[in-house]
file structure.cif (mmCIF, C-alpha atoms and all ligand atoms)
data_data
loop_
_atom_site.group_PDB
_atom_site.id
_atom_site.type_symbol
_atom_site.label_atom_id
_atom_site.label_comp_id
_atom_site.auth_asym_id
_atom_site.auth_seq_id
_atom_site.Cartn_x
_atom_site.Cartn_y
_atom_site.Cartn_z
ATOM 1 C CA MET C 237 -55.520 244.298 -138.565
ATOM 2 C CA GLN C 238 -55.292 240.517 -138.538
ATOM 3 C CA LYS C 239 -54.310 238.520 -135.474
ATOM 4 C CA CYS C 240 -51.384 236.122 -136.020
ATOM 5 C CA TYR C 241 -49.428 233.606 -133.946
ATOM 6 C CA LEU C 242 -45.737 232.738 -133.823
ATOM 7 C CA GLY C 243 -44.404 229.215 -133.255
ATOM 8 C CA ILE C 244 -40.702 228.433 -132.801
ATOM 9 C CA ASP C 245 -39.048 225.008 -132.641
ATOM 10 C CA ILE C 246 -35.462 225.245 -131.371
ATOM 11 C CA GLY C 247 -33.509 222.042 -131.856
ATOM 12 C CA SER C 248 -29.824 221.318 -131.356
ATOM 13 C CA ILE C 249 -29.206 221.366 -135.108
ATOM 14 C CA SER C 250 -31.911 223.586 -136.602
ATOM 15 C CA THR C 251 -34.289 226.323 -135.531
ATOM 16 C CA LYS C 252 -37.644 226.630 -137.263
ATOM 17 C CA GLY C 253 -40.273 229.344 -137.068
ATOM 18 C CA VAL C 254 -43.703 229.993 -138.560
ATOM 19 C CA ILE C 255 -46.277 232.743 -138.295
ATOM 20 C CA ILE C 256 -49.851 231.605 -138.858
ATOM 21 C CA ASP C 257 -52.981 233.677 -139.292
ATOM 22 C CA SER C 258 -56.215 233.014 -137.438
ATOM 23 C CA ASP C 259 -57.218 230.452 -140.115
ATOM 24 C CA ASP C 260 -53.958 228.536 -139.521
ATOM 25 C CA ASN C 261 -52.468 229.588 -142.888
ATOM 26 C CA ILE C 262 -48.679 229.909 -142.769
ATOM 27 C CA ILE C 263 -47.873 233.519 -143.760
ATOM 28 C CA ALA C 264 -44.142 233.435 -142.932
ATOM 29 C CA GLU C 265 -41.678 230.599 -142.306
ATOM 30 C CA LYS C 266 -37.975 230.130 -141.802
ATOM 31 C CA TYR C 267 -35.536 227.271 -141.189
ATOM 32 C CA ILE C 268 -31.990 228.051 -140.050
ATOM 33 C CA TRP C 269 -29.088 226.257 -138.374
ATOM 34 C CA THR C 270 -28.875 226.657 -134.613
ATOM 35 C CA GLU C 271 -25.044 226.617 -134.693
ATOM 36 C CA ALA C 272 -24.906 225.767 -130.971
ATOM 37 C CA ASP C 273 -26.249 229.240 -130.131
ATOM 38 C CA PRO C 274 -30.043 229.071 -129.674
ATOM 39 C CA ILE C 275 -30.388 232.694 -128.548
ATOM 40 C CA ASN C 276 -28.683 234.101 -131.629
ATOM 41 C CA ALA C 277 -30.426 231.588 -133.890
ATOM 42 C CA VAL C 278 -33.808 232.794 -132.644
ATOM 43 C CA LYS C 279 -32.780 236.434 -133.052
ATOM 44 C CA ARG C 280 -31.804 235.779 -136.673
ATOM 45 C CA LEU C 281 -35.005 233.821 -137.218
ATOM 46 C CA ILE C 282 -37.224 236.594 -135.838
ATOM 47 C CA HIS C 283 -35.354 239.205 -137.838
ATOM 48 C CA ASP C 284 -36.123 237.225 -141.010
ATOM 49 C CA LEU C 285 -39.770 236.558 -140.121
ATOM 50 C CA LYS C 286 -40.231 240.268 -139.409
ATOM 51 C CA LYS C 287 -38.997 241.101 -142.926
ATOM 52 C CA GLN C 288 -41.433 238.578 -144.433
ATOM 53 C CA VAL C 289 -44.466 240.228 -142.805
ATOM 54 C CA GLU C 290 -43.339 243.841 -143.229
ATOM 55 C CA GLY C 291 -46.069 245.976 -144.811
ATOM 56 C CA LYS C 292 -48.798 243.481 -143.856
ATOM 57 C CA ASP C 293 -51.506 244.653 -141.479
ATOM 58 C CA ILE C 294 -50.930 241.940 -138.858
ATOM 59 C CA LYS C 295 -50.182 241.716 -135.167
ATOM 60 C CA VAL C 296 -48.609 238.674 -133.518
ATOM 61 C CA LYS C 297 -50.779 238.084 -130.450
ATOM 62 C CA ALA C 298 -49.244 234.935 -128.930
ATOM 63 C CA VAL C 299 -45.999 232.973 -129.075
ATOM 64 C CA GLY C 300 -45.279 229.283 -128.494
ATOM 65 C CA THR C 301 -41.954 227.466 -128.229
ATOM 66 C CA THR C 302 -40.963 223.816 -128.505
ATOM 67 C CA GLY C 303 -37.742 221.842 -129.048
ATOM 68 C CA SER C 304 -34.776 221.192 -126.783
ATOM 69 C CA ALA C 305 -34.213 224.910 -125.964
ATOM 70 C CA ARG C 306 -37.928 225.666 -125.592
ATOM 71 C CA LYS C 307 -37.723 226.834 -121.977
ATOM 72 C CA LEU C 308 -34.822 229.200 -122.578
ATOM 73 C CA ILE C 309 -36.343 230.711 -125.717
ATOM 74 C CA GLY C 310 -39.829 230.711 -124.188
ATOM 75 C CA THR C 311 -38.473 232.880 -121.348
ATOM 76 C CA ILE C 312 -36.709 235.235 -123.716
ATOM 77 C CA LEU C 313 -39.742 235.695 -125.943
ATOM 78 C CA ASN C 314 -42.178 235.811 -123.046
ATOM 79 C CA ALA C 315 -44.029 232.942 -124.715
ATOM 80 C CA GLN C 316 -47.637 232.197 -123.856
ATOM 81 C CA ILE C 317 -47.025 228.472 -124.206
ATOM 82 C CA VAL C 318 -43.981 226.164 -123.951
ATOM 83 C CA LYS C 319 -44.625 222.571 -125.097
ATOM 84 C CA ASN C 320 -42.667 219.360 -125.598
ATOM 85 C CA GLU C 321 -41.824 218.244 -129.155
ATOM 86 C CA ILE C 322 -44.143 215.225 -129.144
ATOM 87 C CA THR C 323 -47.288 217.297 -128.562
ATOM 88 C CA ALA C 324 -46.164 220.095 -130.895
ATOM 89 C CA HIS C 325 -45.355 217.706 -133.756
ATOM 90 C CA ALA C 326 -48.578 215.785 -133.326
ATOM 91 C CA ILE C 327 -50.722 218.962 -133.326
ATOM 92 C CA GLY C 328 -48.882 220.338 -136.384
ATOM 93 C CA THR C 329 -49.228 217.078 -138.307
ATOM 94 C CA LEU C 330 -52.888 216.619 -137.384
ATOM 95 C CA SER C 331 -53.676 220.083 -138.751
ATOM 96 C CA ILE C 332 -52.566 218.883 -142.206
ATOM 97 C CA TYR C 333 -53.323 215.148 -141.968
ATOM 98 C CA PRO C 334 -56.301 214.767 -139.584
ATOM 99 C CA GLU C 335 -56.413 210.987 -140.217
ATOM 100 C CA VAL C 336 -52.743 210.331 -139.400
ATOM 101 C CA ARG C 337 -52.032 207.239 -137.272
ATOM 102 C CA THR C 338 -48.215 207.134 -137.307
ATOM 103 C CA ILE C 339 -45.665 209.949 -137.489
ATOM 104 C CA PHE C 340 -42.073 209.091 -138.379
ATOM 105 C CA GLU C 341 -39.681 211.917 -137.605
ATOM 106 C CA ILE C 342 -35.965 211.856 -138.378
ATOM 107 C CA GLY C 343 -34.023 215.004 -137.662
ATOM 108 C CA GLY C 344 -30.378 215.978 -137.654
ATOM 109 C CA GLN C 345 -29.464 214.276 -134.396
ATOM 110 C CA ASP C 346 -32.504 212.501 -133.082
ATOM 111 C CA SER C 347 -35.537 210.639 -134.245
ATOM 112 C CA LYS C 348 -38.954 209.858 -132.880
ATOM 113 C CA ILE C 349 -42.113 207.948 -133.580
ATOM 114 C CA ILE C 350 -45.552 209.178 -132.531
ATOM 115 C CA LEU C 351 -48.644 206.976 -132.627
ATOM 116 C CA VAL C 352 -51.997 208.724 -132.894
ATOM 117 C CA GLN C 353 -55.520 207.459 -132.505
ATOM 118 C CA ASP C 354 -58.607 209.601 -133.053
ATOM 119 C CA GLY C 355 -56.451 212.726 -133.033
ATOM 120 C CA ILE C 356 -54.779 211.901 -129.690
ATOM 121 C CA VAL C 357 -51.186 210.772 -129.031
ATOM 122 C CA VAL C 358 -51.394 207.234 -127.603
ATOM 123 C CA ASP C 359 -47.721 206.254 -127.658
ATOM 124 C CA TYR C 360 -44.316 207.584 -128.666
ATOM 125 C CA ALA C 361 -40.611 206.849 -128.511
ATOM 126 C CA MET C 362 -37.513 208.957 -129.005
ATOM 127 C CA ASN C 363 -33.940 208.138 -129.864
ATOM 128 C CA THR C 364 -31.361 210.699 -128.906
ATOM 129 C CA LEU C 365 -28.411 208.355 -128.384
ATOM 130 C CA CYS C 366 -27.655 206.545 -131.622
ATOM 131 C CA ALA C 367 -26.673 208.634 -134.643
ATOM 132 C CA ALA C 368 -26.908 205.707 -137.079
ATOM 133 C CA GLY C 369 -30.516 206.498 -137.926
ATOM 134 C CA THR C 370 -30.305 210.267 -138.252
ATOM 135 C CA GLY C 371 -29.579 213.071 -140.661
ATOM 136 C CA SER C 372 -26.087 213.732 -139.349
ATOM 137 C CA PHE C 373 -25.161 210.120 -140.161
ATOM 138 C CA LEU C 374 -26.446 210.483 -143.731
ATOM 139 C CA SER C 375 -24.640 213.830 -144.157
ATOM 140 C CA SER C 376 -21.316 212.415 -142.989
ATOM 141 C CA GLN C 377 -21.664 209.375 -145.288
ATOM 142 C CA ALA C 378 -22.599 211.603 -148.239
ATOM 143 C CA LYS C 379 -19.419 213.587 -147.626
ATOM 144 C CA ARG C 380 -17.379 210.409 -147.422
ATOM 145 C CA LEU C 381 -18.771 209.291 -150.792
ATOM 146 C CA GLY C 382 -18.182 212.718 -152.353
ATOM 147 C CA VAL C 383 -21.898 213.272 -152.970
ATOM 148 C CA LYS C 384 -23.882 216.396 -152.049
ATOM 149 C CA VAL C 385 -26.465 215.473 -149.429
ATOM 150 C CA GLU C 386 -29.176 217.104 -151.588
ATOM 151 C CA GLU C 387 -28.289 214.658 -154.409
ATOM 152 C CA PHE C 388 -28.221 211.662 -152.102
ATOM 153 C CA GLY C 389 -31.877 210.661 -152.413
ATOM 154 C CA LYS C 390 -32.059 211.088 -156.200
ATOM 155 C CA LEU C 391 -28.976 208.899 -156.654
ATOM 156 C CA ALA C 392 -30.497 206.240 -154.385
ATOM 157 C CA LEU C 393 -33.554 206.047 -156.660
ATOM 158 C CA LYS C 394 -31.305 205.038 -159.574
ATOM 159 C CA SER C 395 -30.235 201.907 -157.748
ATOM 160 C CA LYS C 396 -31.656 198.581 -158.862
ATOM 161 C CA ASN C 397 -29.686 196.524 -156.387
ATOM 162 C CA PRO C 398 -29.162 198.290 -153.022
ATOM 163 C CA THR C 399 -26.012 197.186 -151.226
ATOM 164 C CA LYS C 400 -26.558 195.624 -147.828
ATOM 165 C CA ILE C 401 -24.939 197.878 -145.211
ATOM 166 C CA ALA C 402 -24.522 196.853 -141.561
ATOM 167 C CA ALA C 403 -26.223 199.722 -139.759
ATOM 168 C CA ARG C 404 -26.353 198.692 -136.134
ATOM 169 C CA CYS C 405 -24.204 201.679 -135.261
ATOM 170 C CA THR C 406 -22.339 204.479 -137.006
ATOM 171 C CA VAL C 407 -18.927 202.862 -136.568
ATOM 172 C CA PHE C 408 -20.061 199.544 -138.088
ATOM 173 C CA ALA C 409 -21.861 201.275 -140.938
ATOM 174 C CA GLU C 410 -18.877 203.441 -141.805
ATOM 175 C CA SER C 411 -16.399 200.580 -141.980
ATOM 176 C CA ASP C 412 -18.882 198.450 -143.911
ATOM 177 C CA LEU C 413 -19.454 201.276 -146.391
ATOM 178 C CA VAL C 414 -15.715 201.669 -147.022
ATOM 179 C CA HIS C 415 -15.410 197.912 -147.497
ATOM 180 C CA LYS C 416 -18.354 197.776 -149.944
ATOM 181 C CA ALA C 417 -16.922 200.658 -151.986
ATOM 182 C CA GLN C 418 -13.519 198.943 -152.131
ATOM 183 C CA ILE C 419 -14.890 195.670 -153.435
ATOM 184 C CA GLY C 420 -16.623 197.489 -156.282
ATOM 185 C CA HIS C 421 -20.257 198.160 -155.393
ATOM 186 C CA LYS C 422 -21.763 201.019 -157.419
ATOM 187 C CA LYS C 423 -22.131 204.376 -155.668
ATOM 188 C CA GLU C 424 -25.900 204.527 -156.200
ATOM 189 C CA ASP C 425 -26.275 201.006 -154.773
ATOM 190 C CA ILE C 426 -24.262 201.924 -151.681
ATOM 191 C CA ILE C 427 -26.325 205.089 -151.231
ATOM 192 C CA ALA C 428 -29.596 203.181 -151.607
ATOM 193 C CA GLY C 429 -28.218 200.665 -149.106
ATOM 194 C CA LEU C 430 -27.474 203.464 -146.654
ATOM 195 C CA CYS C 431 -31.020 204.850 -147.003
ATOM 196 C CA ARG C 432 -32.371 201.381 -146.329
ATOM 197 C CA ALA C 433 -29.995 200.990 -143.362
ATOM 198 C CA VAL C 434 -31.291 204.225 -141.831
ATOM 199 C CA VAL C 435 -34.858 202.962 -142.187
ATOM 200 C CA THR C 436 -34.075 199.496 -140.793
ATOM 201 C CA ASN C 437 -32.216 201.043 -137.892
ATOM 202 C CA TYR C 438 -35.117 203.401 -137.201
ATOM 203 C CA LEU C 439 -37.777 200.664 -137.344
ATOM 204 C CA ASN C 440 -35.714 198.290 -135.187
ATOM 205 C CA ASN C 441 -34.871 200.887 -132.537
ATOM 206 C CA VAL C 442 -37.322 203.766 -132.352
ATOM 207 C CA GLY C 443 -40.183 201.765 -133.886
ATOM 208 C CA LYS C 444 -39.447 198.575 -131.942
ATOM 209 C CA GLY C 445 -42.635 196.982 -130.613
ATOM 210 C CA LYS C 446 -44.810 199.830 -131.875
ATOM 211 C CA ALA C 447 -48.057 199.139 -133.748
ATOM 212 C CA ILE C 448 -47.321 201.076 -136.924
ATOM 213 C CA LYS C 449 -50.590 201.864 -138.686
ATOM 214 C CA ALA C 450 -51.394 203.824 -141.852
ATOM 215 C CA PRO C 451 -51.738 206.646 -142.767
ATOM 216 C CA ILE C 452 -48.057 207.261 -142.066
ATOM 217 C CA VAL C 453 -46.583 210.762 -142.262
ATOM 218 C CA PHE C 454 -42.808 211.177 -142.433
ATOM 219 C CA GLN C 455 -41.196 214.453 -141.371
ATOM 220 C CA GLY C 456 -38.012 216.084 -140.115
ATOM 221 C CA GLY C 457 -35.026 217.072 -142.246
ATOM 222 C CA VAL C 458 -34.426 213.510 -143.512
ATOM 223 C CA SER C 459 -37.956 213.413 -145.015
ATOM 224 C CA LYS C 460 -36.511 215.559 -147.838
ATOM 225 C CA ASN C 461 -34.493 212.504 -148.910
ATOM 226 C CA VAL C 462 -36.481 210.591 -151.542
ATOM 227 C CA GLY C 463 -34.230 207.551 -151.108
ATOM 228 C CA VAL C 464 -35.256 207.230 -147.449
ATOM 229 C CA ILE C 465 -38.945 207.735 -148.361
ATOM 230 C CA ARG C 466 -38.726 204.883 -150.862
ATOM 231 C CA ALA C 467 -36.985 202.656 -148.327
ATOM 232 C CA PHE C 468 -39.745 203.349 -145.779
ATOM 233 C CA GLU C 469 -42.411 202.495 -148.372
ATOM 234 C CA GLU C 470 -40.651 199.215 -149.190
ATOM 235 C CA GLU C 471 -40.203 198.246 -145.549
ATOM 236 C CA THR C 472 -43.713 199.164 -144.347
ATOM 237 C CA GLU C 473 -45.531 198.345 -147.617
ATOM 238 C CA GLU C 474 -47.553 201.518 -147.024
ATOM 239 C CA LYS C 475 -47.714 204.902 -148.725
ATOM 240 C CA ILE C 476 -45.563 207.437 -146.887
ATOM 241 C CA TYR C 477 -46.917 211.008 -146.860
ATOM 242 C CA VAL C 478 -44.419 213.858 -146.793
ATOM 243 C CA ASP C 479 -45.647 217.427 -146.609
ATOM 244 C CA LYS C 480 -43.782 220.429 -148.030
ATOM 245 C CA TYR C 481 -43.953 221.872 -144.493
ATOM 246 C CA GLY C 482 -42.741 218.589 -142.961
ATOM 247 C CA HIS C 483 -39.640 220.274 -141.510
ATOM 248 C CA LEU C 484 -41.831 222.915 -139.788
ATOM 249 C CA MET C 485 -44.435 220.711 -138.059
ATOM 250 C CA GLY C 486 -43.204 221.364 -134.506
ATOM 251 C CA ALA C 487 -43.252 225.139 -135.070
ATOM 252 C CA LEU C 488 -46.668 224.933 -136.725
ATOM 253 C CA GLY C 489 -48.058 222.825 -133.883
ATOM 254 C CA VAL C 490 -46.839 225.157 -131.162
ATOM 255 C CA ALA C 491 -48.108 228.208 -133.100
ATOM 256 C CA LYS C 492 -51.551 226.588 -133.086
ATOM 257 C CA LEU C 493 -51.245 225.835 -129.367
ATOM 258 C CA ALA C 494 -50.313 229.486 -128.753
ATOM 259 C CA LYS C 495 -53.380 230.546 -130.737
ATOM 260 C CA ASN C 496 -55.610 228.280 -128.676
ATOM 261 C CA SER C 497 -53.977 229.166 -125.333
ATOM 262 C CA GLY C 498 -56.515 231.907 -124.719
ATOM 263 C CA LYS C 499 -53.672 234.217 -123.649
ATOM 264 C CA GLU C 500 -52.874 237.238 -125.796
ATOM 265 C CA GLN C 501 -50.157 239.837 -125.690
ATOM 266 C CA ASN C 502 -48.693 241.921 -128.521
ATOM 267 C CA PHE C 503 -45.372 240.441 -129.591
ATOM 268 C CA ASP C 504 -42.540 242.894 -130.193
ATOM 269 C CA PHE C 505 -40.333 241.878 -133.139
ATOM 270 C CA ASP C 506 -37.666 244.258 -131.831
ATOM 271 C CA ILE C 507 -36.845 241.572 -129.294
ATOM 272 C CA ALA C 508 -34.378 240.413 -131.968
ATOM 273 C CA GLU C 509 -32.332 243.572 -131.303
ATOM 274 C CA MET C 510 -32.196 243.120 -127.508
ATOM 275 C CA ASN C 511 -29.260 241.738 -125.613
ATOM 276 C CA PHE C 512 -29.831 238.383 -123.916
ATOM 277 C CA GLU C 513 -27.284 236.416 -121.959
ATOM 278 C CA THR C 514 -27.200 233.207 -119.923
ATOM 279 C CA ARG C 515 -24.916 232.661 -116.954
ATOM 280 C CA GLY C 516 -24.489 229.392 -115.077
ATOM 281 C CA VAL C 517 -23.887 229.584 -111.295
ATOM 282 C CA GLU C 518 -23.436 226.865 -108.692
ATOM 283 C CA CYS C 519 -25.819 227.088 -105.757
ATOM 284 C CA GLY C 520 -23.321 225.776 -103.193
ATOM 285 C CA LYS C 521 -25.850 225.749 -100.331
ATOM 286 C CA CYS C 522 -25.749 221.959 -99.958
ATOM 287 C CA ALA C 523 -23.874 218.936 -101.305
ATOM 288 C CA ASN C 524 -26.120 218.759 -104.407
ATOM 289 C CA ASN C 525 -24.428 221.921 -105.662
ATOM 290 C CA CYS C 526 -27.108 222.476 -108.321
ATOM 291 C CA GLU C 527 -26.105 224.359 -111.433
ATOM 292 C CA ILE C 528 -28.503 227.255 -111.840
ATOM 293 C CA ILE C 529 -28.992 228.899 -115.228
ATOM 294 C CA CYS C 530 -29.742 232.633 -115.049
ATOM 295 C CA ILE C 531 -31.187 234.523 -118.015
ATOM 296 C CA TYR C 532 -30.469 238.225 -118.385
ATOM 297 C CA LYS C 533 -32.205 240.677 -120.704
ATOM 298 C CA ASN C 534 -30.208 243.880 -121.209
ATOM 299 C CA ASN C 535 -28.277 242.902 -118.040
ATOM 300 C CA ASN C 536 -31.423 242.433 -115.905
ATOM 301 C CA LEU C 537 -32.203 238.971 -114.526
ATOM 302 C CA ILE C 538 -35.491 237.800 -116.047
ATOM 303 C CA ASP C 539 -35.554 234.128 -115.030
ATOM 304 C CA ALA C 540 -33.481 231.321 -113.530
ATOM 305 C CA TRP C 541 -33.833 227.576 -113.196
ATOM 306 C CA GLY C 542 -31.930 224.444 -112.245
ATOM 307 C CA ASN C 543 -32.367 224.676 -108.441
ATOM 308 C CA LYS C 544 -33.754 221.513 -106.867
ATOM 309 C CA CYS C 545 -35.238 223.383 -103.894
ATOM 310 C CA ASP C 546 -36.411 226.869 -102.928
ATOM 311 C CA ASN C 547 -33.241 227.563 -100.913
ATOM 312 C CA GLY C 548 -31.394 227.875 -104.201
ATOM 313 C CA ALA C 549 -33.962 230.091 -105.912
ATOM 314 C CA VAL C 550 -32.358 233.063 -107.644
ATOM 315 C CA VAL C 551 -34.485 236.188 -107.495
HETATM 316 S S1 LIG B 601 -30.818 224.448 -104.941
HETATM 317 FE FE1 LIG B 601 -31.356 223.397 -103.062
HETATM 318 S S2 LIG B 601 -30.717 221.292 -103.443
HETATM 319 FE FE2 LIG B 601 -29.688 222.527 -104.989
HETATM 320 S S3 LIG B 601 -27.677 223.012 -104.098
HETATM 321 FE FE3 LIG B 601 -29.064 224.699 -103.608
HETATM 322 S S4 LIG B 601 -29.848 224.197 -101.590
HETATM 323 FE FE4 LIG B 601 -29.004 222.306 -102.448
#

call {"tool": "encode", "arguments": {"input": "structure.cif", "output": "structure tokens"}}
result
Amino acid sequence: MQKCYLGIDIGSISTKGVIIDSDDNIIAEKYIWTEADPINAVKRLIHDLKKQVEGKDIKVKAVGTTGSARKLIGTILNAQIVKNEITAHAIGTLSIYPEVRTIFEIGGQDSKIILVQDGIVVDYAMNTLCAAGTGSFLSSQAKRLGVKVEEFGKLALKSKNPTKIAARCTVFAESDLVHKAQIGHKKEDIIAGLCRAVVTNYLNNVGKGKAIKAPIVFQGGVSKNVGVIRAFEEETEEKIYVDKYGHLMGALGVAKLAKNSGKEQNFDFDIAEMNFETRGVECGKCANNCEIICIYKNNNLIDAWGNKCDNGAVV
């Protein structure tokens, strides 16, 4: 029997999971849409991972969670470790690129930059407010142009003369794009211009004032877009590394952290069949009126949080 470790990264748009063996090899992986329901997304994810390892003589001995719903899912899965995205992404990336100095990450709805020195995170920044530099912006523009988002990058590479698109915010970019299409710019030039706009927006906002040093690794869903990779290479004048597991780095990192946590407990894949529910209640014991989130497993309260003081603790 081989010991293995499960890492799950639950974001607002996508949920990612990996199982690694004790040598950090990925033996199962899955990427699905969260669809605004993290509990069900994780159940579906675990169901799929279970199928991938069926028949193998393995035992998952520790679980780690990261991403925006990490606490909720960590409680449900009885995780050994719950970590923020910055640490998880850095650990995952360092396991593949030990020399990395800068990590660019652009996901569906947010983006971040992580600066690393000698294997340690020394600085970072996140952008969760402006959609102009994210995957959802690119998807909506692809739709507007009648192009499949998977084709977007390849079309951008055909462009010899990228159109200049004003990308300070989504609204500006959208109206500028319509205008550029109407005055006759080629589709591939507009698309290349959009890729460049995403990169410029990212470097001017998330990367503002940051000492960007090579090697640079680019990850997150948008790293699958070759047009954006090329735009990053042109802007930074550096090679941009993109790994085939780039979309799974957070899950990989937190799986490694679970492995190294020193805590072990057999993980039960049947958790995917259990009934979990969240209920929000207002404390009401003082003017703060904290909203307390209660988590139930098969109708039994297993955890609660949101209270600012012990008077509001739910037990
Ligand atoms: S948890 Fe504490 S601070 Fe919050 S409403 Fe209840 S009593 Fe007030």

call {"tool": "residues_near_ligand", "arguments": {"input": "structure.cif", "ligand": "ligand LIG 601 (chain B)", "cutoff": "6 Å", "atoms": "only C-alpha atoms and all ligand atoms", "output": "list in words"}}
result
Cys519, Gly520, Lys521, Cys522, Asn524, Asn525, Cys526, Asn543, Lys544, Cys545, Asn547 and Gly548 of chain C

call {"tool": "closest_residue", "arguments": {"input": "structure.cif", "among": "C:Leu351, C:Ile427, C:Ile294, C:Ile531", "to": "C:Ala450", "atoms": "only C-alpha atoms"}}
result
C:Leu351

call {"tool": "resolve_selection", "arguments": {"input": "structure.cif", "expression": "the PyMOL selection byres (((chain C and resi 452) around 8) and not hetatm)", "output": "PDB file with C-alpha atoms, in the coordinates of the input"}}
result
ATOM      1  CA  VAL C 336     -52.743 210.331-139.400  1.00  0.00           C
ATOM      2  CA  ARG C 337     -52.032 207.239-137.272  1.00  0.00           C
ATOM      3  CA  THR C 338     -48.215 207.134-137.307  1.00  0.00           C
ATOM      4  CA  ILE C 339     -45.665 209.949-137.489  1.00  0.00           C
ATOM      5  CA  PHE C 340     -42.073 209.091-138.379  1.00  0.00           C
ATOM      6  CA  LYS C 449     -50.590 201.864-138.686  1.00  0.00           C
ATOM      7  CA  ALA C 450     -51.394 203.824-141.852  1.00  0.00           C
ATOM      8  CA  PRO C 451     -51.738 206.646-142.767  1.00  0.00           C
ATOM      9  CA  VAL C 453     -46.583 210.762-142.262  1.00  0.00           C
ATOM     10  CA  PHE C 454     -42.808 211.177-142.433  1.00  0.00           C
ATOM     11  CA  GLU C 474     -47.553 201.518-147.024  1.00  0.00           C
ATOM     12  CA  LYS C 475     -47.714 204.902-148.725  1.00  0.00           C
ATOM     13  CA  ILE C 476     -45.563 207.437-146.887  1.00  0.00           C
ATOM     14  CA  TYR C 477     -46.917 211.008-146.860  1.00  0.00           C
TER      15      TYR C 477
END

call {"tool": "closest_residue", "arguments": {"input": "structure.cif", "among": "C:Ile244, C:Met510, C:Ile419, C:Met237", "to": "C:Ile309", "atoms": "all atoms listed in the file"}}
result
C:Ile244

call {"tool": "residues_around", "arguments": {"input": "structure.cif", "residues": "C:Val550", "least_positions_apart": "3", "cutoff": "9 Å", "atoms": "only C-alpha atoms", "output": "JSON list (two decimals) with C-alpha atoms, keeping the file's coordinate frame"}}
result
[["chain", "number", "residue", "atom", "x", "y", "z"],
["C", 528, "ILE", "CA", -28.50, 227.26, -111.84],
["C", 530, "CYS", "CA", -29.74, 232.63, -115.05],
["C", 539, "ASP", "CA", -35.55, 234.13, -115.03],
["C", 540, "ALA", "CA", -33.48, 231.32, -113.53],
["C", 541, "TRP", "CA", -33.83, 227.58, -113.20],
["C", 543, "ASN", "CA", -32.37, 224.68, -108.44],
["C", 546, "ASP", "CA", -36.41, 226.87, -102.93],
["C", 547, "ASN", "CA", -33.24, 227.56, -100.91]]

call {"tool": "resolve_selection", "arguments": {"input": "structure.cif", "expression": "the PyMOL selection byres (((chain C and resi 499) around 7) and not hetatm)", "output": "JSON, numbers by chain"}}
result
{"C": [298, 316, 497, 498, 500, 501]}

call {"tool": "closest_residue", "arguments": {"input": "structure.cif", "among": "C:Ala402, C:Ala549, C:Leu430, C:Leu488", "to": "C:Leu330", "atoms": "all atoms listed in the file"}}
result
C:Leu488

call {"tool": "residues_around", "arguments": {"input": "structure.cif", "residues": "stretch 287-292 of chain C", "least_positions_apart": "4", "cutoff": "8 Å", "atoms": "only C-alpha atoms", "output": "list in words"}}
result
Ile263, Ala264 and His283 of chain C

call {"tool": "atom_distance", "arguments": {"input": "structure.cif", "atom1": "atom CA of C:Lys384", "atom2": "atom CA of C:Glu471"}}
result
25.3 Å

call {"tool": "resolve_selection", "arguments": {"input": "structure.cif", "expression": "the PyMOL selection byres (((chain C and resi 346) around 12) and not hetatm)", "output": "JSON, numbers by chain"}}
result
{"C": [247, 248, 249, 250, 303, 304, 321, 340, 341, 342, 343, 344, 345, 347, 348, 349, 361, 362, 363, 364, 365, 366, 367, 368, 369, 370, 371, 372, 373, 438, 441, 442, 456, 457, 458]}

call {"tool": "closest_residue", "arguments": {"input": "structure.cif", "among": "C:Glu387, C:Gln455, C:Leu381, C:Ser376", "to": "C:Lys422", "atoms": "all atoms listed in the file"}}
result
C:Leu381

call {"tool": "atom_distance", "arguments": {"input": "structure.cif", "atom1": "atom CA of C:Gln418", "atom2": "atom CA of C:Ile465"}}
result
27.2 Å

call {"tool": "residues_around", "arguments": {"input": "structure.cif", "residues": "C:Ala487", "least_positions_apart": "6", "cutoff": "9 Å", "atoms": "only C-alpha atoms", "output": "PyMOL selection string"}}
result
chain C and resi 242-246+252-255+300-303+324-325+328
